[in-house]
Structures are given as structure tokens and as C-alpha cells.
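Visitor: What follows is my_file-v7.cif; its format and atoms are mmCIF, C-alpha atoms.
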```cif
data_structure
loop_
_atom_site.label_atom_id
_atom_site.label_comp_id
_atom_site.auth_asym_id
_atom_site.auth_seq_id
_atom_site.Cartn_x
_atom_site.Cartn_y
_atom_site.Cartn_z
CA MET A 1 84.92 100.81 102.74
CA LYS A 2 84.19 104.53 102.37
CA THR A 3 87.28 105.46 104.39
CA ARG A 4 89.56 103.30 102.26
CA THR A 5 88.15 104.81 99.06
CA LEU A 6 88.69 108.36 100.36
CA LEU A 7 92.26 107.47 101.35
CA SER A 8 92.96 106.04 97.88
CA VAL A 9 91.53 109.12 96.17
CA SER A 10 93.59 111.45 98.38
CA LEU A 11 96.83 109.56 97.75
CA ASN A 12 96.17 109.46 94.02
CA PHE A 13 95.44 113.19 93.98
CA PHE A 14 98.71 114.04 95.73
CA ALA A 15 100.60 111.67 93.43
CA LEU A 16 99.13 113.42 90.39
CA LEU A 17 99.83 116.89 91.78
CA PHE A 18 103.45 116.06 92.67
CA ALA A 19 104.06 114.39 89.30
CA ILE A 20 102.81 117.35 87.28
CA THR A 21 104.77 119.82 89.42
CA ALA A 22 107.98 117.82 89.07
CA PHE A 23 107.46 117.40 85.33
CA ILE A 24 107.17 121.12 84.57
CA THR A 25 109.83 122.43 86.98
CA THR A 26 113.60 122.56 86.50
CA TYR A 27 114.93 121.60 89.93
CA TRP A 28 115.56 117.89 89.51
CA CYS A 29 119.29 118.48 89.96
CA VAL A 30 121.00 121.58 91.36
CA GLY A 31 124.64 122.54 91.86
CA THR A 32 127.42 124.87 90.84
CA GLN A 33 129.49 125.31 87.71
CA ARG A 34 133.04 126.64 87.64
CA VAL A 35 133.58 129.31 84.99
CA PRO A 36 136.50 131.73 84.43
CA LYS A 37 136.11 135.18 85.92
CA PRO A 38 135.38 137.87 83.35
CA LYS A 39 137.61 140.87 82.79
CA CYS A 40 136.94 143.82 85.05
CA SER A 41 135.29 146.88 83.55
CA LYS A 42 133.71 150.12 84.68
CA LEU A 43 130.39 148.32 85.20
CA ARG A 44 131.92 145.28 86.89
CA THR A 45 134.50 145.91 89.57
CA HIS A 46 134.20 142.75 91.71
CA GLN A 47 134.28 139.03 91.01
CA CYS A 48 136.48 139.76 88.00
CA ILE A 49 140.14 139.75 86.97
CA ASP A 50 141.76 143.17 86.79
CA TYR A 51 144.68 142.94 84.43
CA GLY A 52 145.36 146.67 84.72
CA VAL A 53 147.64 148.79 82.50
CA ASN A 54 151.22 149.91 83.15
CA GLU A 55 151.18 153.62 83.90
CA THR A 56 154.50 154.26 82.17
CA ASP A 57 153.72 152.23 79.09
CA PRO A 58 150.02 151.76 78.32
CA ASN A 59 150.81 149.03 75.81
CA LYS A 60 152.17 146.77 78.54
CA VAL A 61 149.60 144.78 80.46
CA VAL A 62 150.02 143.94 84.14
CA TYR A 63 148.84 140.33 84.57
CA SER A 64 146.95 139.11 87.59
CA TRP A 65 148.59 136.74 90.01
CA GLU A 66 145.36 134.94 90.90
CA THR A 67 145.74 131.19 90.63
CA GLY A 68 143.68 128.08 91.29
CA ASP A 69 140.04 128.53 92.16
CA ASP A 70 140.57 132.27 92.61
CA ARG A 71 140.52 132.60 88.84
CA PHE A 72 137.02 131.06 88.60
CA LEU A 73 133.47 131.91 89.51
CA PHE A 74 131.03 129.35 90.91
CA ARG A 75 127.61 130.00 89.44
CA GLN A 76 124.43 128.19 90.47
CA PHE A 77 122.49 126.04 88.03
CA HIS A 78 119.35 123.89 88.13
CA THR A 79 118.23 121.29 85.64
CA GLY A 80 114.91 119.63 84.87
CA ILE A 81 113.64 117.24 82.26
CA TRP A 82 113.21 119.97 79.65
CA TYR A 83 115.60 122.80 80.51
CA SER A 84 118.82 123.56 82.31
CA CYS A 85 119.22 127.10 83.66
CA GLU A 86 122.33 128.75 85.07
CA GLU A 87 123.18 132.20 86.38
CA ASN A 88 124.42 134.81 83.98
CA ILE A 89 127.78 136.07 85.27
CA HIS A 90 127.31 139.44 83.58
CA ASP A 91 123.99 140.35 85.19
CA GLU A 92 121.38 138.94 87.55
CA SER A 93 119.39 137.10 84.90
CA GLU A 94 119.39 133.40 84.06
CA ARG A 95 120.26 131.63 80.85
CA CYS A 96 118.33 128.46 80.04
CA ARG A 97 119.18 125.79 77.51
CA SER A 98 117.35 122.69 76.40
CA PHE A 99 118.56 119.71 78.41
CA ILE A 100 117.75 117.44 75.47
CA ASP A 101 120.33 119.36 73.42
CA LEU A 102 122.89 119.13 76.23
CA ALA A 103 122.59 115.34 76.61
CA PRO A 104 125.12 113.23 74.66
CA ALA A 105 123.91 111.70 71.42
CA SER A 106 124.16 108.20 72.91
CA GLU A 107 121.72 109.15 75.69
CA LYS A 108 119.11 111.08 73.71
CA GLY A 109 117.04 107.95 73.03
CA MET A 110 116.91 107.04 76.71
CA LEU A 111 116.06 110.64 77.61
CA TRP A 112 113.13 110.69 75.17
CA LEU A 113 112.00 107.34 76.55
CA SER A 114 112.10 108.84 80.03
CA VAL A 115 110.00 111.81 78.87
CA VAL A 116 107.40 109.53 77.25
CA SER A 117 107.29 107.36 80.38
CA GLU A 118 106.69 110.44 82.54
CA MET A 119 103.81 111.50 80.28
CA LEU A 120 102.25 108.03 80.42
CA TYR A 121 102.77 108.01 84.18
CA ILE A 122 100.76 111.23 84.54
CA LEU A 123 98.11 110.05 82.06
CA LEU A 124 97.53 106.73 83.86
CA LEU A 125 97.39 108.57 87.18
CA MET A 126 94.62 110.74 85.74
CA VAL A 127 92.70 107.68 84.55
CA GLY A 128 93.05 105.96 87.94
CA PHE A 129 92.00 109.13 89.76
CA SER A 130 88.93 109.51 87.53
CA LEU A 131 87.87 105.90 88.13
CA MET A 132 88.27 106.31 91.89
CA CYS A 133 86.15 109.47 91.85
CA ILE A 134 83.42 107.71 89.83
CA GLU A 135 83.46 104.83 92.30
CA LEU A 136 83.20 107.27 95.19
CA VAL A 137 80.17 109.00 93.64
CA HIS A 138 78.34 105.88 92.39
CA SER A 139 78.84 103.59 95.37
CA SER A 140 75.29 102.17 95.54
CA ASN A 141 75.91 99.25 93.16
CA VAL A 142 78.40 96.82 94.70
CA ILE A 143 79.25 94.99 91.46
CA ASP A 144 79.92 98.17 89.48
CA GLY A 145 81.97 99.51 92.40
CA LEU A 146 84.12 96.38 92.40
CA LYS A 147 84.73 96.67 88.66
CA LEU A 148 85.74 100.33 88.96
CA ASN A 149 87.93 99.49 91.94
CA ALA A 150 89.73 96.74 90.05
CA PHE A 151 90.39 98.91 86.98
CA ALA A 152 91.56 101.83 89.15
CA ALA A 153 94.00 99.53 90.96
CA VAL A 154 95.40 98.18 87.67
CA PHE A 155 95.90 101.65 86.16
CA THR A 156 97.49 102.95 89.36
CA VAL A 157 99.96 100.06 89.59
CA LEU A 158 100.95 100.45 85.93
CA SER A 159 101.45 104.20 86.37
CA GLY A 160 103.67 103.60 89.39
CA LEU A 161 105.88 101.18 87.46
CA LEU A 162 106.21 103.64 84.56
CA GLY A 163 107.03 106.48 86.94
CA MET A 164 109.76 104.48 88.64
CA VAL A 165 111.33 103.54 85.28
CA ALA A 166 111.17 107.16 84.08
CA HIS A 167 112.88 108.52 87.20
CA VAL A 168 115.67 105.95 87.08
CA MET A 169 116.31 106.56 83.37
CA TYR A 170 116.50 110.33 83.85
CA THR A 171 118.98 109.91 86.71
CA GLN A 172 121.20 107.77 84.51
CA VAL A 173 121.03 110.25 81.62
CA PHE A 174 121.94 113.16 83.89
CA GLN A 175 124.93 111.34 85.36
CA VAL A 176 126.26 110.55 81.87
CA THR A 177 125.68 114.17 80.81
CA VAL A 178 127.71 115.38 83.80
CA SER A 179 130.70 113.40 82.53
CA HIS A 180 130.30 113.75 78.76
CA GLY A 181 128.21 116.87 78.33
CA PRO A 182 129.37 120.22 76.90
CA PRO A 183 132.47 121.58 78.71
CA ASP A 184 130.83 124.94 79.42
CA TRP A 185 127.95 123.20 81.19
CA ARG A 186 129.58 120.40 83.22
CA PRO A 187 128.88 120.90 86.94
CA TYR A 188 131.61 121.37 89.50
CA ASN A 189 129.38 119.71 92.11
CA TRP A 190 125.70 118.82 92.09
CA ASP A 191 122.94 117.19 94.08
CA TYR A 192 119.28 116.30 93.66
CA GLY A 193 116.74 119.10 94.04
CA TRP A 194 113.21 119.43 95.33
CA SER A 195 111.63 118.51 91.99
CA PHE A 196 113.40 115.15 92.14
CA CYS A 197 112.10 114.65 95.69
CA LEU A 198 108.58 115.53 94.52
CA ALA A 199 108.85 112.98 91.72
CA TRP A 200 109.69 110.17 94.14
CA ALA A 201 107.07 111.41 96.63
CA SER A 202 104.57 111.13 93.78
CA PHE A 203 105.70 107.55 93.16
CA THR A 204 105.31 106.75 96.88
CA CYS A 205 101.78 108.16 96.99
CA CYS A 206 100.92 106.31 93.80
CA MET A 207 102.01 102.95 95.21
CA GLY A 208 100.22 103.72 98.48
CA ALA A 209 97.01 104.43 96.54
CA SER A 210 97.37 101.22 94.53
CA VAL A 211 97.95 99.10 97.65
CA THR A 212 94.98 100.70 99.43
CA THR A 213 92.75 100.15 96.39
CA LEU A 214 93.79 96.52 96.02
CA ASN A 215 93.27 95.95 99.74
CA SER A 216 89.81 97.46 99.56
CA TYR A 217 88.94 95.34 96.51
CA THR A 218 90.19 92.13 98.13
CA LYS A 219 88.37 92.82 101.39
CA THR A 220 85.11 93.55 99.58
CA VAL A 221 85.35 90.37 97.51
CA ILE A 222 86.10 88.23 100.57
CA GLU A 223 83.21 89.74 102.52
CA PHE A 224 80.89 89.28 99.56
CA ARG A 225 81.85 85.61 99.17
CA HIS A 226 81.49 85.01 102.91
CA LYS A 227 78.02 86.55 102.95
CA ARG A 228 76.96 84.54 99.91
CA LYS A 229 78.27 81.32 101.46
CA THR A 230 76.44 82.05 104.72
CA PHE A 231 73.26 82.85 102.82
CA GLU A 232 73.44 79.62 100.79
CA GLN A 233 74.06 77.59 103.94
CA THR A 234 71.07 79.22 105.64
CA ILE A 235 68.88 78.46 102.63
CA ARG A 236 69.99 74.82 102.62
CA GLU A 237 69.23 74.47 106.34
CA GLU A 238 65.80 76.02 105.91
CA ASN A 239 65.04 73.74 102.97
CA ALA A 240 66.19 70.70 104.98
CA ARG A 241 63.95 71.66 107.91
CA GLU A 242 61.00 72.23 105.62
CA ALA A 243 61.57 68.88 103.89
CA TYR A 244 61.89 67.09 107.23
CA GLY A 245 58.71 68.66 108.54
CA TYR A 246 56.86 67.83 105.33
CA PHE A 247 57.86 64.14 105.36
CA ARG A 248 57.19 63.84 109.08
CA ASP A 249 53.71 65.28 108.79
CA ASN A 250 52.91 63.15 105.77
CA SER A 251 54.20 59.98 107.49
CA LEU A 252 52.19 60.56 110.68
CA HIS A 253 49.11 61.38 108.65
CA SER A 254 49.47 58.19 106.59
CA ILE A 255 49.98 56.00 109.69
CA SER A 256 47.06 57.50 111.57
CA LYS A 257 44.86 57.13 108.53
CA SER A 258 45.83 53.45 108.09
CA VAL A 259 45.14 52.71 111.77
CA ASP A 260 41.74 54.37 111.60
CA VAL A 261 40.78 52.45 108.49
CA TYR A 262 41.96 49.11 109.93
CA SER A 263 40.19 49.70 113.26
CA SER A 264 36.94 50.60 111.58
CA GLN A 265 37.05 47.49 109.42
CA SER A 266 37.73 45.30 112.50
CA LEU A 267 34.81 46.75 114.42
CA LYS A 268 32.51 46.26 111.51
CA SER A 269 33.50 42.58 111.10
CA GLY A 270 33.05 41.88 114.88
CA ARG A 271 36.10 39.68 115.33
CA ARG A 272 39.50 40.04 116.96
CA THR A 273 42.52 41.02 115.04
CA PRO A 274 44.43 38.00 113.92
CA ILE A 275 47.98 37.64 115.04
CA PRO A 276 50.39 37.70 112.15
CA THR A 277 52.27 34.54 111.23
CA THR A 278 55.58 36.08 112.13
CA SER A 279 54.32 36.76 115.67
CA LEU A 280 53.19 33.11 116.09
CA ASP A 281 56.53 31.89 114.93
CA PHE A 282 58.22 34.10 117.50
CA VAL A 283 55.96 32.74 120.32
CA ASP A 284 56.62 29.11 119.30
CA LEU A 285 60.33 29.74 119.23
CA THR A 286 60.23 31.23 122.74
CA ALA A 287 58.26 28.29 124.09
CA SER A 288 60.63 25.73 122.58
CA LEU A 289 63.62 27.55 124.05
CA GLY A 290 61.96 27.49 127.50
CA GLU A 291 61.31 23.74 127.27
CA GLU A 292 64.91 23.01 126.31
CA GLN A 293 66.20 24.99 129.29
CA CYS A 294 63.97 23.01 131.62
#
```
Go through the file and emit its structure as C-alpha cells.
Guide:
Amino acid sequence: MKTRTLLSVSLNFFALLFAITAFITTYWCVGTQRVPKPKCSKLRTHQCIDYGVNETDPNKVVYSWETGDDRFLFRQFHTGIWYSCEENIHDESERCRSFIDLAPASEKGMLWLSVVSEMLYILLLMVGFSLMCIELVHSSNVIDGLKLNAFAAVFTVLSGLLGMVAHVMYTQVFQVTVSHGPPDWRPYNWDYGWSFCLAWASFTCCMGASVTTLNSYTKTVIEFRHKRKTFEQTIREENAREAYGYFRDNSLHSISKSVDVYSSQSLKSGRRTPIPTTSLDFVDLTASLGEEQC
């Protein structure tokens, strides 16, 4: 029982840690964006387009012959629930924008629903973790421990369902934003990042904690019922033996007392014990049967 409780607490702790980390980081989805190369300058001499100037006539510009992907830069970006950050092509810094503002208007409601579900997911995980810790500390009372175990299992299962819904909704919103988002943000290619993996790892640990807690609760209840049934059966057997012994002793005592009383009365009267009428009838019947056979 103690081992199962420790396992449930550990899984719930990791689920809570992974969920909070994924919620506040911006690496749910990562990839590259294709943007036009900037014009070359004295400060930037590479990864740029040098149009140049005609030496004979400064007013005439010499155009670049770069075509296709050579005319574009591929900058890295990473997106989370709250922000989307991409490289700044002019320096080594990053520029971050609110992902809620980037999402299409038709998907903003689902995105907010995903955010609320993630918050409830973390909140219910905290409640379940607190109940499991209380059960671990106050484990002397079996009934109170069962109640805490049941509530912790319910909160953990509900949090897992909310987390799964939140992750799926965010994935759908991001895919729609890739197709219908702002042109200057749309990714050239993308994939899921480590924050997304942490979110689903949190869901896995959460469901593992809920299953372990439910298993522990069920096992404890079954053992408790089995022990109670065995105890009641033992009590019934003891009561039956006591009742049997009581009636047996009382019956033998009554018979011996009747015999003693009858014998004493016979000795006092000085005559033999008369044979009951039923016994005489039985003797007469035996004699008649013997005569008929002869």
C-alpha cells in the first residue's frame, strides 16, 4: 500500500512539473520561416542581396540574378501557447509576438478554451497531488485514507481528460494558423518541439498516477471487505459453538437431574419401576407375532 502511494505521488509530481514547464515555455512547435533577404549594407555583407551601382552611371542599378530560394533567408522560429518568437534577420536578437494575436479570428475562441483547459489541468493536478500527500502523511486511519484516495483519483482522472482536450485543441489551432495566419509569419516547414513532448509526457504521468491510485483504492476496499467477511464468519462460528455447548450442557444437566430425582423417589417407595404401557404393548405384539410364525 505504501509503495503504491509513493508511486502515485511521484507520477503526479512529474506530471505537474512537466505541465507547468510546457505551459510557460514557447517550444510547442518549431520550424523555419522563409523571408526575403535584406539589402546589403556596410554592416551586413553576407546573407543579403547586393544590387550594386553602375560605376559609369551611379543612377543605374545593377540587379541581382539570384532566383528561387537563393533570394530568401530561412530563419528559425518557435511557438508556445502564449508567444511566438522568431530570429531577427538584422541582428542576433529575437522578436516575439503574441500567438493569440496571430491566430485567425475563427480560432481565437478555441485557443482561449485550450488555455483555460490547460490552467484547469494544472489546478486539478495540484489538488490531486495535495490529497495524495495528505494521505501519505496521515495513513493511520484506513477510512480517511480511502476517502482521500478516492478524491485524489477522481481529481487526477479529470485533470488528465482536460489536459488531453487542451493539447488536441492547441494542435488544431496551430495547424489552422499555419495555413491562414499572417503572411509574414507562416512557416516554411515546422515540427513539434520539446515543450509539446513535455505536455504529452505530463498527460502520460497523470494517467499513470490515476490508474495507480484507483488500483490502490480498489485493492484496499477488496481486502477490507474480505477481512470483514472473514471476521463475521469467525464470529458466527464461535457463537454457534458457544450455543451448542450451552444447550448440550443444559440438556445433560436436566437429564441427569431427572434421573436422580426419579431414582430417589423409587428407592424411597421400595417398589420396582413400573413398565410403561407402550413397552407392554410392544412385548405383547412380539409374542403374538412369534405365535403366528409357529
Visitor: Quick one: pull the distance between CA of Arg34 in chain A and CA of Leu73 in chain A, Å, one decimal.
Guide: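 Atom-to-atom, CA of Arg34 in chain A and CA of Leu73 in chain A are spaced 5.6 Å apart.
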Visitor: Skip Ser130 in chain A itself and residues of its chain fewer than 4 positions away, then list as number ranges by chain all residues within 10 Å of it, counting only C-alpha atoms.
Guide: A: 9, 12-13, 124-126, 134-136, 148, 152
Visitor: Here is a test: counting all atoms listed in the file, which residue of A:Val165, A:Arg75, A:Phe174, A:Lys37 is nearest to Pro104 in chain A?
Guide: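 Of A:Val165, A:Arg75, A:Phe174, A:Lys37, the one nearest Pro104 in chain A, counting all atoms listed in the file, is A:Phe174.
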Visitor: As an exercise, work out the distance from CA of Gly80 in chain A to CA of Ile24 in chain A in Å and give it to one decimal place.
Guide: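 Separation of CA of Gly80 in chain A and CA of Ile24 in chain A: 7.9 Å.
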Visitor: Please evaluate the PyMOL selection byres ((chain A and resi 28) around 7) against the structure above and give the resulting residues as a list in words.
Guide: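 Residues picked by the PyMOL selection byres ((chain A and resi 28) around 7): Thr26, Tyr27, Cys29, Val30, Thr79, Gly80, Tyr192, Gly193, Trp194, Ser195 and Phe196 of chain A.
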Visitor: Under the rule that all atoms listed in the file are counted, which of A:Cys133, A:Leu102, A:Gly160, A:Val176 is the nearest residue to Lys2 in chain A?
Guide: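 Of A:Cys133, A:Leu102, A:Gly160, A:Val176, the one nearest Lys2 in chain A, counting all atoms listed in the file, is A:Cys133.
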Visitor: Identify which of the residues A:Trp82, A:Phe155, A:Tyr121, A:Tyr170 lies closest to Ala209 in chain A, counting all atoms listed in the file when measuring atom-to-atom distances.
Guide: A:Phe155
Visitor: From the set A:Gln175, A:Met207, A:Ser93, A:Ala22, which residue has the shortest atom-to-atom contact distance to Ala153 in chain A, counting all atoms listed in the file?
Guide: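 Among the listed residues, the smallest separation from Ala153 in chain A belongs to A:Met207.
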